[in-house]
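Asks: I have a structure I would like to understand better, so I am pasting it below and will then ask my questions one at a time.
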Amino acid sequence: MADPTPGVAAPPRVERVTTASWRAYRDVRQAALIDSPRAFWTTWAESARRTDEDWLAFVESGPTVWLAWDGDRPVGTVGLWHADEQPPEEVHLVGMWVAGSARGSGAAAALVRAALEHARARGWTRVALDVARENVRAARFYLRQGFALTGETGTMPWDPTCVEVRMVLELDP
């Protein structure tokens with residue numbers, strides 16, 4: 001079938017990570033940790049020590065995660081994670097990353113949209129995230145998605161020089 005709009009790339013496809021796609025998720029996650037080491041609460045070295053069984057267990061029982069695909073190539077990821085200490089109506093948006101080659105393609109917005117749809121379906125009414133203060137591009141992206149700065153800050157557990165700012169989005173029920 002011909003592309004309906006010649007010269008315009010198809011939007012990325014977003015799929016929830018399953019036991020069938022855990023290897024693609026692992027590869028994207030490790031690429032993210034190499035590309036943006038100050039953006040995540042873990043390091044590439046920690047990630048590289050995980051066994052295949054660890055990755056599979058993470059996909060089965062960890063945060064709900066999604067991949068953005070450009071054809072058959074995974075180009076981004078995002079997750080939702082509810083921490084034990086969080087209010088029951090709130091969830092964290094975590095692990096957001098899009099490959100440099102796919103930035104500006106709509107992959108980031110598609111990933112966030114999938115996560116927010118899932119959050120609404122699960123009954124969460126507030127989505128929180130932390131973004132490195134130095135990552136101005138990401139903060140601007142989240143503001144365009146409707147997130148607001150809270151004024152709260154924190155630091156990475158493994159790098160106290162990396163200051164993060166908290167953002168939240170109140171979801172309509």
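Going through the structure tokens in order, the chains are called A, B, and so on, while each chain numbers its residues from 1 and the ligands are numbered from 1 in the order shown.
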Give me the residues within 6 Å of stretch 74-77 of chain A as a PyMOL selection string, counting only C-alpha atoms and dropping any in the same chain fewer than 4 places off.
Replies: chain A and resi 66-69+96-99
Asks: Write out as an MDAnalysis selection string all residues of stretch 23-172 of chain A that DSSP puts in strand (DSSP E or B) for this structure's backbone.
Replies: chainID A and resid 64:70 73:81 90:98 126:132 148:156 159:170
Asks: Got a sec: who's within 12 Å of A:Arg103, counting only C-alpha atoms, leaving out chain neighbours fewer than 2 positions off, as a list in words?
Replies: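 The neighbour list is Pro11, Pro12, Ala68, Asp70, Val75, Gly76, Trp97, Val98, Ala99, Gly100, Ser101, Ser105, Gly106, Ala107, Ala108, Ala109, Ala110, Arg137, Ala138 and Phe141 of chain A.
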Asks: Export N, CA and C atoms of the chosen residues as a PDB file, in the first residue's frame?
Replies:
```pdb
ATOM      1  N   PRO A  11       3.682   8.327  11.615  1.00  0.00           N
ATOM      2  CA  PRO A  11       3.911   8.557  13.040  1.00  0.00           C
ATOM      3  C   PRO A  11       4.422   7.284  13.705  1.00  0.00           C
ATOM      4  N   PRO A  12       5.166   7.439  14.788  1.00  0.00           N
ATOM      5  CA  PRO A  12       5.668   6.247  15.470  1.00  0.00           C
ATOM      6  C   PRO A  12       4.515   5.439  16.061  1.00  0.00           C
ATOM      7  N   ALA A  68       8.259   3.121  21.643  1.00  0.00           N
ATOM      8  CA  ALA A  68       7.865   3.754  20.385  1.00  0.00           C
ATOM      9  C   ALA A  68       8.678   3.089  19.290  1.00  0.00           C
ATOM     10  N   ASP A  70       9.727   2.994  15.120  1.00  0.00           N
ATOM     11  CA  ASP A  70       9.807   3.561  13.778  1.00  0.00           C
ATOM     12  C   ASP A  70      10.019   2.363  12.862  1.00  0.00           C
ATOM     13  N   VAL A  75      12.539   3.202  19.084  1.00  0.00           N
ATOM     14  CA  VAL A  75      13.217   4.502  19.134  1.00  0.00           C
ATOM     15  C   VAL A  75      12.943   5.289  20.412  1.00  0.00           C
ATOM     16  N   GLY A  76      12.166   4.728  21.326  1.00  0.00           N
ATOM     17  CA  GLY A  76      11.886   5.460  22.555  1.00  0.00           C
ATOM     18  C   GLY A  76      11.150   4.610  23.557  1.00  0.00           C
ATOM     19  N   TRP A  97      12.544   8.511  27.250  1.00  0.00           N
ATOM     20  CA  TRP A  97      13.694   8.752  26.374  1.00  0.00           C
ATOM     21  C   TRP A  97      13.304   8.466  24.938  1.00  0.00           C
ATOM     22  N   VAL A  98      13.814   9.299  24.031  1.00  0.00           N
ATOM     23  CA  VAL A  98      13.648   9.099  22.605  1.00  0.00           C
ATOM     24  C   VAL A  98      15.018   9.237  21.957  1.00  0.00           C
ATOM     25  N   ALA A  99      15.339   8.319  21.064  1.00  0.00           N
ATOM     26  CA  ALA A  99      16.622   8.352  20.348  1.00  0.00           C
ATOM     27  C   ALA A  99      16.763   9.666  19.596  1.00  0.00           C
ATOM     28  N   GLY A 100      17.983  10.155  19.504  1.00  0.00           N
ATOM     29  CA  GLY A 100      18.233  11.411  18.818  1.00  0.00           C
ATOM     30  C   GLY A 100      17.669  11.443  17.412  1.00  0.00           C
ATOM     31  N   SER A 101      17.761  10.328  16.707  1.00  0.00           N
ATOM     32  CA  SER A 101      17.271  10.268  15.327  1.00  0.00           C
ATOM     33  C   SER A 101      15.757  10.382  15.238  1.00  0.00           C
ATOM     34  N   SER A 105       9.893  13.685  15.979  1.00  0.00           N
ATOM     35  CA  SER A 105       9.047  12.842  15.119  1.00  0.00           C
ATOM     36  C   SER A 105       7.644  12.635  15.673  1.00  0.00           C
ATOM     37  N   GLY A 106       7.408  13.080  16.888  1.00  0.00           N
ATOM     38  CA  GLY A 106       6.136  12.802  17.543  1.00  0.00           C
ATOM     39  C   GLY A 106       6.207  11.600  18.467  1.00  0.00           C
ATOM     40  N   ALA A 107       7.363  10.930  18.513  1.00  0.00           N
ATOM     41  CA  ALA A 107       7.498   9.741  19.366  1.00  0.00           C
ATOM     42  C   ALA A 107       7.291  10.083  20.836  1.00  0.00           C
ATOM     43  N   ALA A 108       7.874  11.177  21.303  1.00  0.00           N
ATOM     44  CA  ALA A 108       7.748  11.547  22.727  1.00  0.00           C
ATOM     45  C   ALA A 108       6.291  11.801  23.082  1.00  0.00           C
ATOM     46  N   ALA A 109       5.602  12.574  22.256  1.00  0.00           N
ATOM     47  CA  ALA A 109       4.194  12.867  22.533  1.00  0.00           C
ATOM     48  C   ALA A 109       3.355  11.592  22.495  1.00  0.00           C
ATOM     49  N   ALA A 110       3.643  10.693  21.562  1.00  0.00           N
ATOM     50  CA  ALA A 110       2.898   9.437  21.470  1.00  0.00           C
ATOM     51  C   ALA A 110       3.136   8.568  22.708  1.00  0.00           C
ATOM     52  N   ARG A 137      15.115  21.194  27.287  1.00  0.00           N
ATOM     53  CA  ARG A 137      14.269  20.717  26.188  1.00  0.00           C
ATOM     54  C   ARG A 137      13.165  19.794  26.711  1.00  0.00           C
ATOM     55  N   ALA A 138      13.528  18.877  27.605  1.00  0.00           N
ATOM     56  CA  ALA A 138      12.531  17.956  28.159  1.00  0.00           C
ATOM     57  C   ALA A 138      11.507  18.716  29.004  1.00  0.00           C
ATOM     58  N   PHE A 141       9.088  20.375  26.801  1.00  0.00           N
ATOM     59  CA  PHE A 141       8.192  19.368  26.228  1.00  0.00           C
ATOM     60  C   PHE A 141       7.084  19.031  27.224  1.00  0.00           C
TER      61      PHE A 141
END
```
Asks: Would you please work out which residue, of A:Leu169, A:Val59, A:Val65, A:Ala83, is nearest to A:Ala115 when using only C-alpha atoms?
Replies: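 Checking each candidate against A:Ala115, we get A:Val65 as the closest.
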Asks: What's the separation between atom CA of A:Gly95 and atom CA of A:Asp130, in Å to one decimal place?
Replies: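 If I compute the distance from atom CA of A:Gly95 to atom CA of A:Asp130, I get 10.0 Å.
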Asks: I'd like the interatomic distance between atom CA of A:Glu152 and atom CA of A:Ala132, to a tenth of an Å.
Replies: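 Between atom CA of A:Glu152 and atom CA of A:Ala132 the gap is 12.1 Å.
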Asks: Point out the residue among A:Trp44, A:Gln86, A:Thr161, A:Val17 with the least atom-to-atom distance to A:Ser61, counting only C-alpha atoms.
Replies: A:Val17
Asks: Any idea what the distance is between atom CA of A:Arg126 and atom CA of A:Leu171?
Replies: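 One can read the atom CA of A:Arg126 to atom CA of A:Leu171 distance as 5.7 Å.
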Asks: Would you mind telling me which residue in A:Ala39, A:Leu143, A:Ala45, A:Val112 lies nearest to A:Val131 when using only C-alpha atoms?
Replies: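 Looking at the shortest contact to A:Val131, the residue is A:Ala39.
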Asks: What's around A:Thr150 at 12 Å? Count only C-alpha atoms, leave out sequence neighbours fewer than 2 positions away in its own chain, and write the answer as a VMD selection string.
Replies: chain A and resid 128 to 131 143 147 to 148 152 to 154 164 to 170
Asks: Using only N, CA and C atoms, please write the residues we just selected to a file, as a JSON list (two decimals), in the first residue's frame.
Replies:
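New file again_39.json:
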```json
[["chain", "number", "residue", "atom", "x", "y", "z"],
["A", 128, "ALA", "N", 3.05, 12.48, 38.19],
["A", 128, "ALA", "CA", 4.22, 13.26, 38.61],
["A", 128, "ALA", "C", 5.43, 12.77, 37.85],
["A", 129, "LEU", "N", 6.38, 13.68, 37.66],
["A", 129, "LEU", "CA", 7.65, 13.28, 37.06],
["A", 129, "LEU", "C", 8.75, 14.19, 37.59],
["A", 130, "ASP", "N", 9.97, 13.70, 37.48],
["A", 130, "ASP", "CA", 11.14, 14.49, 37.84],
["A", 130, "ASP", "C", 12.00, 14.60, 36.59],
["A", 131, "VAL", "N", 12.49, 15.80, 36.32],
["A", 131, "VAL", "CA", 13.33, 16.03, 35.15],
["A", 131, "VAL", "C", 14.55, 16.82, 35.59],
["A", 143, "LEU", "N", 5.94, 20.76, 29.72],
["A", 143, "LEU", "CA", 5.04, 21.91, 29.86],
["A", 143, "LEU", "C", 4.03, 21.94, 28.72],
["A", 147, "PHE", "N", 1.95, 19.45, 31.83],
["A", 147, "PHE", "CA", 2.55, 19.33, 33.15],
["A", 147, "PHE", "C", 2.88, 20.72, 33.68],
["A", 148, "ALA", "N", 2.90, 20.87, 34.99],
["A", 148, "ALA", "CA", 3.24, 22.15, 35.63],
["A", 148, "ALA", "C", 4.35, 21.92, 36.65],
["A", 152, "GLU", "N", 9.12, 21.91, 43.73],
["A", 152, "GLU", "CA", 9.89, 20.91, 44.49],
["A", 152, "GLU", "C", 11.12, 20.51, 43.68],
["A", 153, "THR", "N", 12.21, 20.25, 44.38],
["A", 153, "THR", "CA", 13.42, 19.77, 43.73],
["A", 153, "THR", "C", 13.98, 18.60, 44.53],
["A", 154, "GLY", "N", 14.88, 17.87, 43.90],
["A", 154, "GLY", "CA", 15.58, 16.76, 44.54],
["A", 154, "GLY", "C", 16.86, 16.51, 43.78],
["A", 164, "GLU", "N", 17.00, 17.74, 40.14],
["A", 164, "GLU", "CA", 15.78, 17.47, 39.39],
["A", 164, "GLU", "C", 14.66, 18.37, 39.89],
["A", 165, "VAL", "N", 13.78, 18.73, 38.97],
["A", 165, "VAL", "CA", 12.59, 19.50, 39.33],
["A", 165, "VAL", "C", 11.37, 18.61, 39.16],
["A", 166, "ARG", "N", 10.41, 18.78, 40.04],
["A", 166, "ARG", "CA", 9.18, 17.99, 40.00],
["A", 166, "ARG", "C", 8.15, 18.72, 39.14],
["A", 167, "MET", "N", 7.45, 17.93, 38.33],
["A", 167, "MET", "CA", 6.33, 18.44, 37.53],
["A", 167, "MET", "C", 5.15, 17.51, 37.74],
["A", 168, "VAL", "N", 3.93, 18.04, 37.64],
["A", 168, "VAL", "CA", 2.74, 17.21, 37.79],
["A", 168, "VAL", "C", 1.70, 17.60, 36.73],
["A", 169, "LEU", "N", 0.85, 16.64, 36.46],
["A", 169, "LEU", "CA", -0.30, 16.85, 35.57],
["A", 169, "LEU", "C", -1.52, 16.27, 36.27],
["A", 170, "GLU", "N", -2.52, 17.09, 36.44],
["A", 170, "GLU", "CA", -3.79, 16.64, 37.00],
["A", 170, "GLU", "C", -4.63, 16.12, 35.84]]
```
Asks: Using only C-alpha atoms, pick whichever of A:His92, A:Arg113, A:Arg23, A:Arg120 has the shortest atom-to-atom distance to A:Ala57.
Replies: A:Arg23
Asks: If you run DSSP on this backbone, which residues of stretch 12-160 of chain A come out as alpha helix (DSSP H), and could you give them as a VMD selection string?
Replies: chain A and resid 22 to 35 44 to 48 52 to 61 107 to 122 136 to 144
